[in-house]
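Q: Here you go, this is query-v2.cif (mmCIF, C-alpha atoms and all ligand atoms).
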```
data_run
#
loop_
_atom_site.label_atom_id
_atom_site.label_comp_id
_atom_site.auth_asym_id
_atom_site.auth_seq_id
_atom_site.Cartn_x
_atom_site.Cartn_y
_atom_site.Cartn_z
CA MET A 1267 50.46 142.16 100.59
CA LYS A 1268 53.81 140.87 101.81
CA VAL A 1269 56.15 139.82 99.02
CA ASP A 1270 59.48 138.00 99.44
CA PHE A 1271 61.26 138.81 96.19
CA HIS A 1272 64.07 136.27 96.34
CA ILE A 1273 63.75 132.60 97.25
CA HIS A 1274 65.17 129.32 95.94
CA THR A 1275 63.47 125.96 95.51
CA ILE A 1276 64.71 122.40 95.40
CA TYR A 1277 65.40 123.04 91.69
CA SER A 1278 68.45 125.02 92.82
CA PRO A 1279 71.22 122.57 93.70
CA ASP A 1280 71.78 124.37 97.02
CA SER A 1281 68.16 124.66 98.20
CA VAL A 1282 65.82 122.18 99.87
CA ILE A 1283 62.45 123.98 99.53
CA THR A 1284 59.74 121.78 98.04
CA TYR A 1285 56.30 123.05 96.99
CA PRO A 1286 54.53 121.85 100.18
CA MET A 1287 57.30 123.42 102.30
CA LEU A 1288 56.85 126.70 100.43
CA VAL A 1289 53.09 126.80 101.02
CA GLU A 1290 53.46 125.88 104.68
CA ALA A 1291 56.24 128.41 105.38
CA CYS A 1292 54.38 131.23 103.60
CA ARG A 1293 51.18 130.51 105.48
CA GLU A 1294 53.00 130.38 108.80
CA LYS A 1295 54.88 133.64 108.20
CA GLY A 1296 52.08 135.56 106.51
CA ILE A 1297 53.91 135.89 103.19
CA ASP A 1298 51.38 136.42 100.37
CA ALA A 1299 53.71 136.18 97.36
CA VAL A 1300 57.20 134.98 96.50
CA ALA A 1301 59.50 135.41 93.54
CA ILE A 1302 61.35 132.19 92.75
CA MET A 1303 64.93 132.89 91.66
CA ASP A 1304 66.55 129.49 91.14
CA HIS A 1305 70.12 129.49 89.86
CA ASP A 1306 70.19 129.26 86.04
CA GLU A 1307 66.97 127.25 86.13
CA ILE A 1308 63.32 128.08 85.56
CA GLU A 1309 61.48 124.71 85.55
CA GLY A 1310 60.81 124.78 89.30
CA ALA A 1311 59.57 128.36 89.24
CA LEU A 1312 57.12 127.56 86.43
CA GLU A 1313 56.00 124.33 88.10
CA PHE A 1314 55.49 125.97 91.52
CA ALA A 1315 53.59 128.84 89.86
CA ARG A 1316 51.31 126.33 88.13
CA SER A 1317 50.71 124.37 91.34
CA SER A 1318 49.89 127.55 93.20
CA GLU A 1319 47.48 128.72 90.52
CA GLU A 1320 45.70 125.35 90.51
CA ALA A 1321 45.42 125.35 94.29
CA ARG A 1322 43.99 128.86 94.32
CA ALA A 1323 41.52 127.91 91.59
CA ARG A 1324 40.33 125.07 93.86
CA GLY A 1325 39.81 127.60 96.66
CA GLU A 1326 42.83 126.44 98.69
CA TRP A 1327 45.27 128.90 100.20
CA ALA A 1328 48.59 129.22 98.38
CA PRO A 1329 51.01 132.10 97.90
CA LEU A 1330 51.14 133.91 94.60
CA VAL A 1331 54.28 132.69 92.80
CA LEU A 1332 56.20 134.98 90.45
CA PRO A 1333 58.44 132.87 88.21
CA GLY A 1334 61.98 134.18 87.91
CA GLU A 1335 65.58 133.09 87.58
CA GLU A 1336 68.92 134.14 89.08
CA VAL A 1337 71.16 134.16 86.03
CA ARG A 1338 74.93 133.90 86.28
CA THR A 1339 76.28 136.43 83.79
CA SER A 1340 79.88 137.06 82.77
CA ARG A 1341 79.92 139.65 85.56
CA GLY A 1342 77.83 138.56 88.50
CA GLU A 1343 74.23 137.55 89.02
CA ILE A 1344 71.16 139.22 87.55
CA CYS A 1345 67.60 138.09 88.19
CA GLY A 1346 64.66 138.12 85.83
CA LEU A 1347 61.06 138.27 87.06
CA PHE A 1348 57.87 137.35 85.19
CA LEU A 1349 59.87 135.01 82.97
CA THR A 1350 58.35 132.35 80.75
CA GLU A 1351 61.55 130.78 79.45
CA LEU A 1352 65.11 130.20 80.57
CA VAL A 1353 67.67 132.96 80.14
CA PRO A 1354 71.00 131.26 79.39
CA LYS A 1355 73.91 131.82 81.76
CA GLY A 1356 77.28 133.26 80.74
CA LEU A 1357 76.06 136.22 78.67
CA THR A 1358 77.17 139.78 79.43
CA PRO A 1359 75.04 141.79 81.86
CA ARG A 1360 73.62 143.85 78.99
CA GLU A 1361 72.73 140.79 76.89
CA THR A 1362 71.15 139.15 79.93
CA MET A 1363 69.06 142.22 80.71
CA GLU A 1364 67.95 142.42 77.08
CA ARG A 1365 66.94 138.72 77.05
CA ILE A 1366 64.88 139.25 80.20
CA ARG A 1367 63.14 142.28 78.73
CA GLU A 1368 62.53 140.61 75.35
CA GLN A 1369 60.21 138.14 77.06
CA GLY A 1370 58.38 140.87 78.96
CA GLY A 1371 60.29 140.26 82.18
CA LEU A 1372 61.61 142.67 84.78
CA VAL A 1373 65.34 143.06 85.45
CA TYR A 1374 66.01 142.65 89.18
CA VAL A 1375 69.55 143.12 90.48
CA PRO A 1376 70.12 140.96 93.59
CA HIS A 1377 72.55 141.79 96.45
CA PRO A 1378 74.21 144.60 94.47
CA PHE A 1379 76.96 145.37 96.98
CA ASP A 1380 77.95 141.94 98.26
CA LEU A 1381 81.62 142.81 98.04
CA LEU A 1382 82.76 139.29 98.88
CA LYS A 1383 81.41 138.06 95.58
CA PHE A 1384 84.27 138.44 93.17
CA LYS A 1385 82.05 138.64 90.13
CA ARG A 1386 79.43 141.28 90.66
CA LEU A 1387 78.08 144.42 89.10
CA ARG A 1388 79.83 147.55 90.36
CA ALA A 1389 78.13 150.83 91.18
CA ARG A 1390 79.22 152.22 87.81
CA ASP A 1391 77.64 149.20 86.03
CA LEU A 1392 74.37 149.92 87.78
CA GLU A 1393 74.57 153.51 86.61
CA GLU A 1394 75.58 152.52 83.07
CA HIS A 1395 72.79 149.92 82.71
CA GLY A 1396 70.33 151.98 84.76
CA GLY A 1397 67.88 152.25 81.86
CA LEU A 1398 67.61 148.46 81.68
CA ILE A 1399 67.25 147.84 85.42
CA ASP A 1400 63.69 147.71 86.76
CA ILE A 1401 64.30 146.87 90.42
CA LEU A 1402 67.27 146.91 92.75
CA GLU A 1403 67.41 144.64 95.78
CA ALA A 1404 67.77 147.09 98.67
CA PHE A 1405 67.87 144.35 101.31
CA ASN A 1406 69.02 140.73 101.04
CA GLY A 1407 68.50 138.34 103.95
CA LYS A 1408 71.75 136.46 103.50
CA PRO A 1409 74.55 138.84 102.55
CA ARG A 1410 78.02 137.33 102.74
CA LEU A 1411 79.00 140.74 104.00
CA PRO A 1412 76.40 142.41 106.29
CA LEU A 1413 77.72 145.80 105.17
CA ALA A 1414 76.26 145.05 101.72
CA ASN A 1415 72.74 146.06 102.74
CA PHE A 1416 74.02 149.32 104.19
CA LEU A 1417 75.92 150.08 100.97
CA ALA A 1418 72.84 149.27 98.88
CA ARG A 1419 70.77 151.69 100.97
CA ARG A 1420 73.43 154.36 100.64
CA PHE A 1421 73.56 153.91 96.85
CA LEU A 1422 69.77 154.11 96.65
CA ALA A 1423 69.71 157.32 98.70
CA ASP A 1424 70.93 159.20 95.64
CA HIS A 1425 69.81 156.88 92.83
CA ASP A 1426 66.17 156.65 91.90
CA PHE A 1427 65.65 152.90 91.35
CA PRO A 1428 62.50 151.05 92.37
CA ARG A 1429 63.59 148.89 95.29
CA ALA A 1430 62.59 145.57 96.78
CA ALA A 1431 63.80 142.98 99.27
CA GLY A 1432 64.19 139.24 99.44
CA SER A 1433 65.23 136.63 101.96
CA ASP A 1434 67.38 134.63 99.50
CA ALA A 1435 66.03 131.65 101.48
CA HIS A 1436 67.31 128.21 100.53
CA GLU A 1437 65.32 126.53 103.33
CA PRO A 1438 61.85 127.16 104.83
CA LEU A 1439 63.22 128.60 108.08
CA HIS A 1440 64.60 131.72 106.40
CA LEU A 1441 61.74 132.32 104.00
CA GLY A 1442 60.20 135.72 104.70
CA ALA A 1443 63.32 137.00 106.54
CA ALA A 1444 63.05 139.98 104.19
CA PHE A 1445 59.97 141.19 102.36
CA VAL A 1446 58.17 144.21 100.95
CA GLU A 1447 54.75 145.15 102.20
CA MET A 1448 53.01 146.74 99.23
CA PRO A 1449 49.62 147.25 97.55
CA ARG A 1450 48.25 144.42 95.39
CA PHE A 1451 49.45 144.53 91.78
CA GLU A 1452 48.43 143.19 88.37
CA GLY A 1453 51.38 142.19 86.22
CA ALA A 1454 54.92 143.47 85.78
CA ASP A 1455 54.46 147.19 85.10
CA ASP A 1456 51.94 147.59 87.88
CA LEU A 1457 54.30 145.82 90.28
CA VAL A 1458 57.09 148.32 89.57
CA ASP A 1459 54.62 151.15 90.01
CA LYS A 1460 53.25 149.82 93.31
CA LEU A 1461 56.75 149.30 94.71
CA LYS A 1462 56.86 153.08 95.19
CA ASP A 1463 54.47 152.56 98.08
CA GLY A 1464 56.31 149.51 99.36
CA VAL A 1465 57.79 149.24 102.84
CA ILE A 1466 60.82 147.00 103.30
CA THR A 1467 61.29 144.84 106.37
CA GLY A 1468 64.33 142.66 106.74
CA LYS A 1469 66.33 140.52 109.14
CA MET A 1470 69.73 139.14 108.22
CA TYR A 1471 70.83 135.59 108.88
CA SER A 1472 74.20 134.00 108.39
CA PRO A 1473 75.06 131.95 105.29
CA PHE A 1474 76.55 129.44 107.78
CA SER A 1475 73.29 128.96 109.67
CA SER A 1476 71.64 128.52 106.29
CA ALA A 1477 74.09 125.78 105.28
CA PHE A 1478 73.59 124.03 108.62
CA THR A 1479 69.78 124.10 108.37
CA ARG A 1480 69.88 122.70 104.86
CA LEU A 1481 72.13 119.87 105.93
CA ARG A 1482 69.80 119.03 108.80
CA ILE A 1483 66.78 118.97 106.48
CA ARG A 1484 68.61 116.76 103.98
CA LEU A 1485 69.61 114.31 106.69
CA SER A 1486 66.21 114.13 108.36
CA GLY A 1487 64.13 114.46 105.22
CA THR A 1488 61.79 116.96 106.91
CA ALA A 1489 61.58 120.67 107.62
ZN ZN B 1 69.75 133.85 95.43
#
```
Spell out the structure here as structure tokens.
Ligand SMILES: [Zn+2]

A:
Amino acid sequence: MKVDFHIHTIYSPDSVITYPMLVEACREKGIDAVAIMDHDEIEGALEFARSSEEARARGEWAPLVLPGEEVRTSRGEICGLFLTELVPKGLTPRETMERIREQGGLVYVPHPFDLLKFKRLRARDLEEHGGLIDILEAFNGKPRLPLANFLARRFLADHDFPRAAGSDAHEPLHLGAAFVEMPRFEGADDLVDKLKDGVITGKMYSPFSSAFTRLRIRLSGTA
């Protein structure tokens, strides 16, 4: 299955993706599952996951939705996957990772080497917290600095983290720009295990084109 591990919905202040847009874009691009990583917000992820489950139960096509959150910590962003409740922002990276794990979630570090982000985890943080990190984002579709994906790959060449990829889409157009093609999985632990056989595919797009597309959607009210 093809999984885009990092997308935002309309519940993020900077995204325009509604549930119908998500379903349509996934169907069009052949994306079977998405992880929703709204900024410091989990309501949308839970709601979209519920809608998708209901649709699938009715026999309709819908992507599998993994509820997550992109949490702003005291030192950069950390995502949680398989979350059931909000992880508060502003905690330290370690506290955030522990909160994610306490609720049975997976710790997913997004865009680890986006050097233009002032607050971010450094390579030594990744090493120090390695035991708490489940997945590292090896490819992000919208790096502020394109070099970031290269640096992530270089770091991963001599660090043994399970790796994934996400488009970081804030609008339907960019959904699926990066994804992992991997065997089907059942739950969090199995997902990490199956990532070993995952193949990452990714295209980068500019944060500026993203901003422009969102503005156009807002003004026209359509995708
Ligand atoms: Zn994001």

Q: May I have the residues within 7 Å of ligand ZN 1 (chain B), computed using only C-alpha atoms and all ligand atoms, as a list of chain:residue names?

A: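 Every residue with an atom at most 7 Å from ligand ZN 1 (chain B) is listed here: A:His1272, A:Ile1273, A:His1274, A:Met1303, A:Asp1304, A:Glu1336, A:Asp1434.
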
Q: Go ahead and save the picked residues with C-alpha atoms, as a short mmCIF file (atom, residue, chain, number, x, y, z; two decimals), in the frame of the given file.

A:
```cif
data_model
loop_
_atom_site.label_atom_id
_atom_site.label_comp_id
_atom_site.auth_asym_id
_atom_site.auth_seq_id
_atom_site.Cartn_x
_atom_site.Cartn_y
_atom_site.Cartn_z
CA HIS A 1272 64.07 136.27 96.34
CA ILE A 1273 63.75 132.60 97.25
CA HIS A 1274 65.17 129.32 95.94
CA MET A 1303 64.93 132.89 91.66
CA ASP A 1304 66.55 129.49 91.14
CA GLU A 1336 68.92 134.14 89.08
CA ASP A 1434 67.38 134.63 99.50
#
```

Q: Can you list every residue of region 1406-1438 of chain A that has an atom at most 9 Å from region 1462-1484 of chain A, with its nearest atom pair and the distance in Å to one decimal, using only C-alpha atoms, ordered by chain then number, as CSV?

A:
```
residue,atom,partner,partner_atom,distance
A:Asn1406,CA,A:Met1470,CA,7.4
A:Gly1407,CA,A:Met1470,CA,4.5
A:Lys1408,CA,A:Tyr1471,CA,5.5
A:Pro1409,CA,A:Pro1473,CA,7.4
A:Arg1410,CA,A:Pro1473,CA,6.6
A:Pro1412,CA,A:Met1470,CA,7.7
A:Pro1428,CA,A:Lys1462,CA,6.6
A:Arg1429,CA,A:Lys1462,CA,7.9
A:Ala1430,CA,A:Ile1466,CA,6.9
A:Ala1431,CA,A:Ile1466,CA,6.4
A:Gly1432,CA,A:Gly1468,CA,8.1
A:Ser1433,CA,A:Gly1468,CA,7.7
A:Ala1435,CA,A:Ser1476,CA,8.0
A:His1436,CA,A:Ser1476,CA,7.2
A:Glu1437,CA,A:Arg1480,CA,6.1
```

Q: Write out as a PDB file with C-alpha atoms, in the coordinates of the input the residues lying within 7 Å of region 1287-1297 of chain A, counting all atoms listed in the file and excluding same-chain residues fewer than 3 positions away.

A:
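Output file selection_32.pdb follows:
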```pdb
ATOM      1  CA  LYS A1268      53.810 140.870 101.810  1.00  0.00           C
ATOM      2  CA  VAL A1269      56.150 139.820  99.020  1.00  0.00           C
ATOM      3  CA  ILE A1283      62.450 123.980  99.530  1.00  0.00           C
ATOM      4  CA  THR A1284      59.740 121.780  98.040  1.00  0.00           C
ATOM      5  CA  ALA A1328      48.590 129.220  98.380  1.00  0.00           C
ATOM      6  CA  PRO A1329      51.010 132.100  97.900  1.00  0.00           C
ATOM      7  CA  PRO A1438      61.850 127.160 104.830  1.00  0.00           C
ATOM      8  CA  LEU A1441      61.740 132.320 104.000  1.00  0.00           C
ATOM      9  CA  GLY A1442      60.200 135.720 104.700  1.00  0.00           C
TER      10      GLY A1442
END
```

Q: So the first atom is CA of Asp1400 (chain A) and the second is CA of Arg1420 (chain A); what is the distance between them in Å, to one decimal place?

A: 18.2 Å

Q: Can you list, as a list in words, every protein, DNA or RNA residue that comes within 9 Å of Lys1460 (chain A) when you count only C-alpha atoms, leaving out same-chain residues fewer than 6 positions away?

A: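 Close residues of Lys1460 (chain A): Met1448, Pro1449, Arg1450 and Phe1451 of chain A.
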
Q: Can you tell me how far CA of Phe1445 (chain A) sits from CA of Tyr1374 (chain A), in Å to one decimal?

A: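 It comes out at 14.6 Å.
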
Q: Around region 1304-1322 of chain A, fit a box with edges along x, y and z, padding it by 8 Å on each side, then list its centre and edge lengths in Å to one decimal as JSON.

A:
```
{"center_x": 57.1, "center_y": 126.9, "center_z": 89.9, "size_x": 42.2, "size_y": 21.2, "size_z": 24.8}
```

Q: Can I get the residues of region 1286-1345 of chain A within 8 Å of region 1355-1367 of chain A, each with the closest pair of atoms and their distance in Å to one decimal, using only C-alpha atoms, sorted chain first then ascending number, as JSON lines?

A:
```
{"residue": "A:Asp1306", "atom": "CA", "partner": "A:Lys1355", "partner_atom": "CA", "distance": 6.2}
{"residue": "A:Val1337", "atom": "CA", "partner": "A:Lys1355", "partner_atom": "CA", "distance": 5.6}
{"residue": "A:Arg1338", "atom": "CA", "partner": "A:Lys1355", "partner_atom": "CA", "distance": 5.1}
{"residue": "A:Thr1339", "atom": "CA", "partner": "A:Gly1356", "partner_atom": "CA", "distance": 4.5}
{"residue": "A:Ser1340", "atom": "CA", "partner": "A:Gly1356", "partner_atom": "CA", "distance": 5.0}
{"residue": "A:Arg1341", "atom": "CA", "partner": "A:Pro1359", "partner_atom": "CA", "distance": 6.5}
{"residue": "A:Gly1342", "atom": "CA", "partner": "A:Pro1359", "partner_atom": "CA", "distance": 7.9}
{"residue": "A:Ile1344", "atom": "CA", "partner": "A:Pro1359", "partner_atom": "CA", "distance": 7.4}
```

Q: One number please: CA of Asp1424 (chain A) to CA of Glu1335 (chain A), in Å, one decimal.

A: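 These atoms are spaced 27.8 Å apart.
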
Q: Could you tell me which of A:Leu1349, A:Leu1382, A:Ala1418, A:Ala1423 comes closest to Glu1403 (chain A) if we count only C-alpha atoms?

A: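 The closest residue to Glu1403 (chain A) is A:Ala1418.
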
Q: For Arg1316 (chain A), please output as a list in words all residues within 12 Å (counting all atoms listed in the file; exclusion window: fewer than 4 positions along the same chain).

A: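 Result of the neighbour search: Tyr1285, Glu1309, Gly1310, Ala1311, Leu1312, Glu1320, Ala1321, Arg1322, Ala1323, Ala1328, Pro1329, Leu1330, Val1331, Leu1332, Pro1333 and Thr1350 of chain A.
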
Q: Counting all atoms listed in the file, which residue out of A:Asp1298, A:Asp1391, A:Glu1326, A:Glu1307 sits closest to Thr1275 (chain A)?

A: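 Using all atoms listed in the file, the shortest distance to Thr1275 (chain A) belongs to A:Glu1307.
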
Q: Taking all atoms listed in the file into account, name the residue in A:Glu1368, A:Glu1343, A:Asp1426, A:Asp1459 that is nearest to Lys1385 (chain A).

A: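 Nearest candidate to Lys1385 (chain A) out of A:Glu1368, A:Glu1343, A:Asp1426, A:Asp1459: A:Glu1343.
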
Q: Could you model N, CA and C atoms for region 1311-1336 of chain A and present them as a PDB file, in the coordinates of the input?

A:
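Heads up, here's the output in result.pdb:
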```pdb
ATOM      1  N   ALA A1311      60.367 127.142  89.078  1.00  0.00           N
ATOM      2  CA  ALA A1311      59.570 128.360  89.240  1.00  0.00           C
ATOM      3  C   ALA A1311      58.258 128.232  88.471  1.00  0.00           C
ATOM      4  N   LEU A1312      58.341 127.710  87.245  1.00  0.00           N
ATOM      5  CA  LEU A1312      57.120 127.560  86.430  1.00  0.00           C
ATOM      6  C   LEU A1312      56.201 126.506  87.040  1.00  0.00           C
ATOM      7  N   GLU A1313      56.804 125.412  87.506  1.00  0.00           N
ATOM      8  CA  GLU A1313      56.000 124.330  88.100  1.00  0.00           C
ATOM      9  C   GLU A1313      55.313 124.799  89.387  1.00  0.00           C
ATOM     10  N   PHE A1314      56.065 125.490  90.255  1.00  0.00           N
ATOM     11  CA  PHE A1314      55.490 125.970  91.520  1.00  0.00           C
ATOM     12  C   PHE A1314      54.388 126.997  91.232  1.00  0.00           C
ATOM     13  N   ALA A1315      54.606 127.834  90.205  1.00  0.00           N
ATOM     14  CA  ALA A1315      53.590 128.840  89.860  1.00  0.00           C
ATOM     15  C   ALA A1315      52.309 128.157  89.401  1.00  0.00           C
ATOM     16  N   ARG A1316      52.470 127.090  88.607  1.00  0.00           N
ATOM     17  CA  ARG A1316      51.310 126.330  88.130  1.00  0.00           C
ATOM     18  C   ARG A1316      50.573 125.687  89.294  1.00  0.00           C
ATOM     19  N   SER A1317      51.336 125.038  90.185  1.00  0.00           N
ATOM     20  CA  SER A1317      50.710 124.370  91.340  1.00  0.00           C
ATOM     21  C   SER A1317      49.945 125.367  92.180  1.00  0.00           C
ATOM     22  N   SER A1318      50.536 126.546  92.381  1.00  0.00           N
ATOM     23  CA  SER A1318      49.890 127.550  93.200  1.00  0.00           C
ATOM     24  C   SER A1318      48.595 128.048  92.543  1.00  0.00           C
ATOM     25  N   GLU A1319      48.666 128.259  91.224  1.00  0.00           N
ATOM     26  CA  GLU A1319      47.480 128.720  90.520  1.00  0.00           C
ATOM     27  C   GLU A1319      46.348 127.694  90.616  1.00  0.00           C
ATOM     28  N   GLU A1320      46.711 126.422  90.435  1.00  0.00           N
ATOM     29  CA  GLU A1320      45.700 125.350  90.510  1.00  0.00           C
ATOM     30  C   GLU A1320      45.084 125.287  91.889  1.00  0.00           C
ATOM     31  N   ALA A1321      45.927 125.404  92.919  1.00  0.00           N
ATOM     32  CA  ALA A1321      45.420 125.350  94.290  1.00  0.00           C
ATOM     33  C   ALA A1321      44.460 126.504  94.556  1.00  0.00           C
ATOM     34  N   ARG A1322      44.840 127.690  94.107  1.00  0.00           N
ATOM     35  CA  ARG A1322      43.990 128.860  94.320  1.00  0.00           C
ATOM     36  C   ARG A1322      42.676 128.725  93.577  1.00  0.00           C
ATOM     37  N   ALA A1323      42.744 128.118  92.368  1.00  0.00           N
ATOM     38  CA  ALA A1323      41.520 127.910  91.590  1.00  0.00           C
ATOM     39  C   ALA A1323      40.573 126.950  92.317  1.00  0.00           C
ATOM     40  N   ARG A1324      41.159 126.014  93.093  1.00  0.00           N
ATOM     41  CA  ARG A1324      40.330 125.070  93.860  1.00  0.00           C
ATOM     42  C   ARG A1324      39.837 125.682  95.163  1.00  0.00           C
ATOM     43  N   GLY A1325      40.246 126.939  95.429  1.00  0.00           N
ATOM     44  CA  GLY A1325      39.810 127.600  96.660  1.00  0.00           C
ATOM     45  C   GLY A1325      40.725 127.332  97.839  1.00  0.00           C
ATOM     46  N   GLU A1326      41.874 126.682  97.596  1.00  0.00           N
ATOM     47  CA  GLU A1326      42.830 126.440  98.690  1.00  0.00           C
ATOM     48  C   GLU A1326      43.750 127.641  98.832  1.00  0.00           C
ATOM     49  N   TRP A1327      44.322 127.802 100.026  1.00  0.00           N
ATOM     50  CA  TRP A1327      45.270 128.900 100.200  1.00  0.00           C
ATOM     51  C   TRP A1327      46.626 128.516  99.634  1.00  0.00           C
ATOM     52  N   ALA A1328      47.211 129.399  98.871  1.00  0.00           N
ATOM     53  CA  ALA A1328      48.590 129.220  98.380  1.00  0.00           C
ATOM     54  C   ALA A1328      49.142 130.605  98.074  1.00  0.00           C
ATOM     55  N   PRO A1329      50.454 130.781  98.219  1.00  0.00           N
ATOM     56  CA  PRO A1329      51.010 132.100  97.900  1.00  0.00           C
ATOM     57  C   PRO A1329      51.001 132.320  96.392  1.00  0.00           C
ATOM     58  N   LEU A1330      50.945 133.578  96.001  1.00  0.00           N
ATOM     59  CA  LEU A1330      51.140 133.910  94.600  1.00  0.00           C
ATOM     60  C   LEU A1330      52.614 133.658  94.277  1.00  0.00           C
ATOM     61  N   VAL A1331      52.879 132.989  93.167  1.00  0.00           N
ATOM     62  CA  VAL A1331      54.280 132.690  92.800  1.00  0.00           C
ATOM     63  C   VAL A1331      54.646 133.446  91.529  1.00  0.00           C
ATOM     64  N   LEU A1332      55.690 134.269  91.617  1.00  0.00           N
ATOM     65  CA  LEU A1332      56.200 134.980  90.450  1.00  0.00           C
ATOM     66  C   LEU A1332      57.404 134.209  89.928  1.00  0.00           C
ATOM     67  N   PRO A1333      57.316 133.668  88.707  1.00  0.00           N
ATOM     68  CA  PRO A1333      58.440 132.870  88.210  1.00  0.00           C
ATOM     69  C   PRO A1333      59.603 133.761  87.764  1.00  0.00           C
ATOM     70  N   GLY A1334      60.778 133.441  88.282  1.00  0.00           N
ATOM     71  CA  GLY A1334      61.980 134.180  87.910  1.00  0.00           C
ATOM     72  C   GLY A1334      63.174 133.258  87.817  1.00  0.00           C
ATOM     73  N   GLU A1335      64.330 133.868  87.691  1.00  0.00           N
ATOM     74  CA  GLU A1335      65.580 133.090  87.580  1.00  0.00           C
ATOM     75  C   GLU A1335      66.717 133.991  88.040  1.00  0.00           C
ATOM     76  N   GLU A1336      67.695 133.405  88.730  1.00  0.00           N
ATOM     77  CA  GLU A1336      68.920 134.140  89.080  1.00  0.00           C
ATOM     78  C   GLU A1336      69.983 133.678  88.092  1.00  0.00           C
TER      79      GLU A1336
END
```
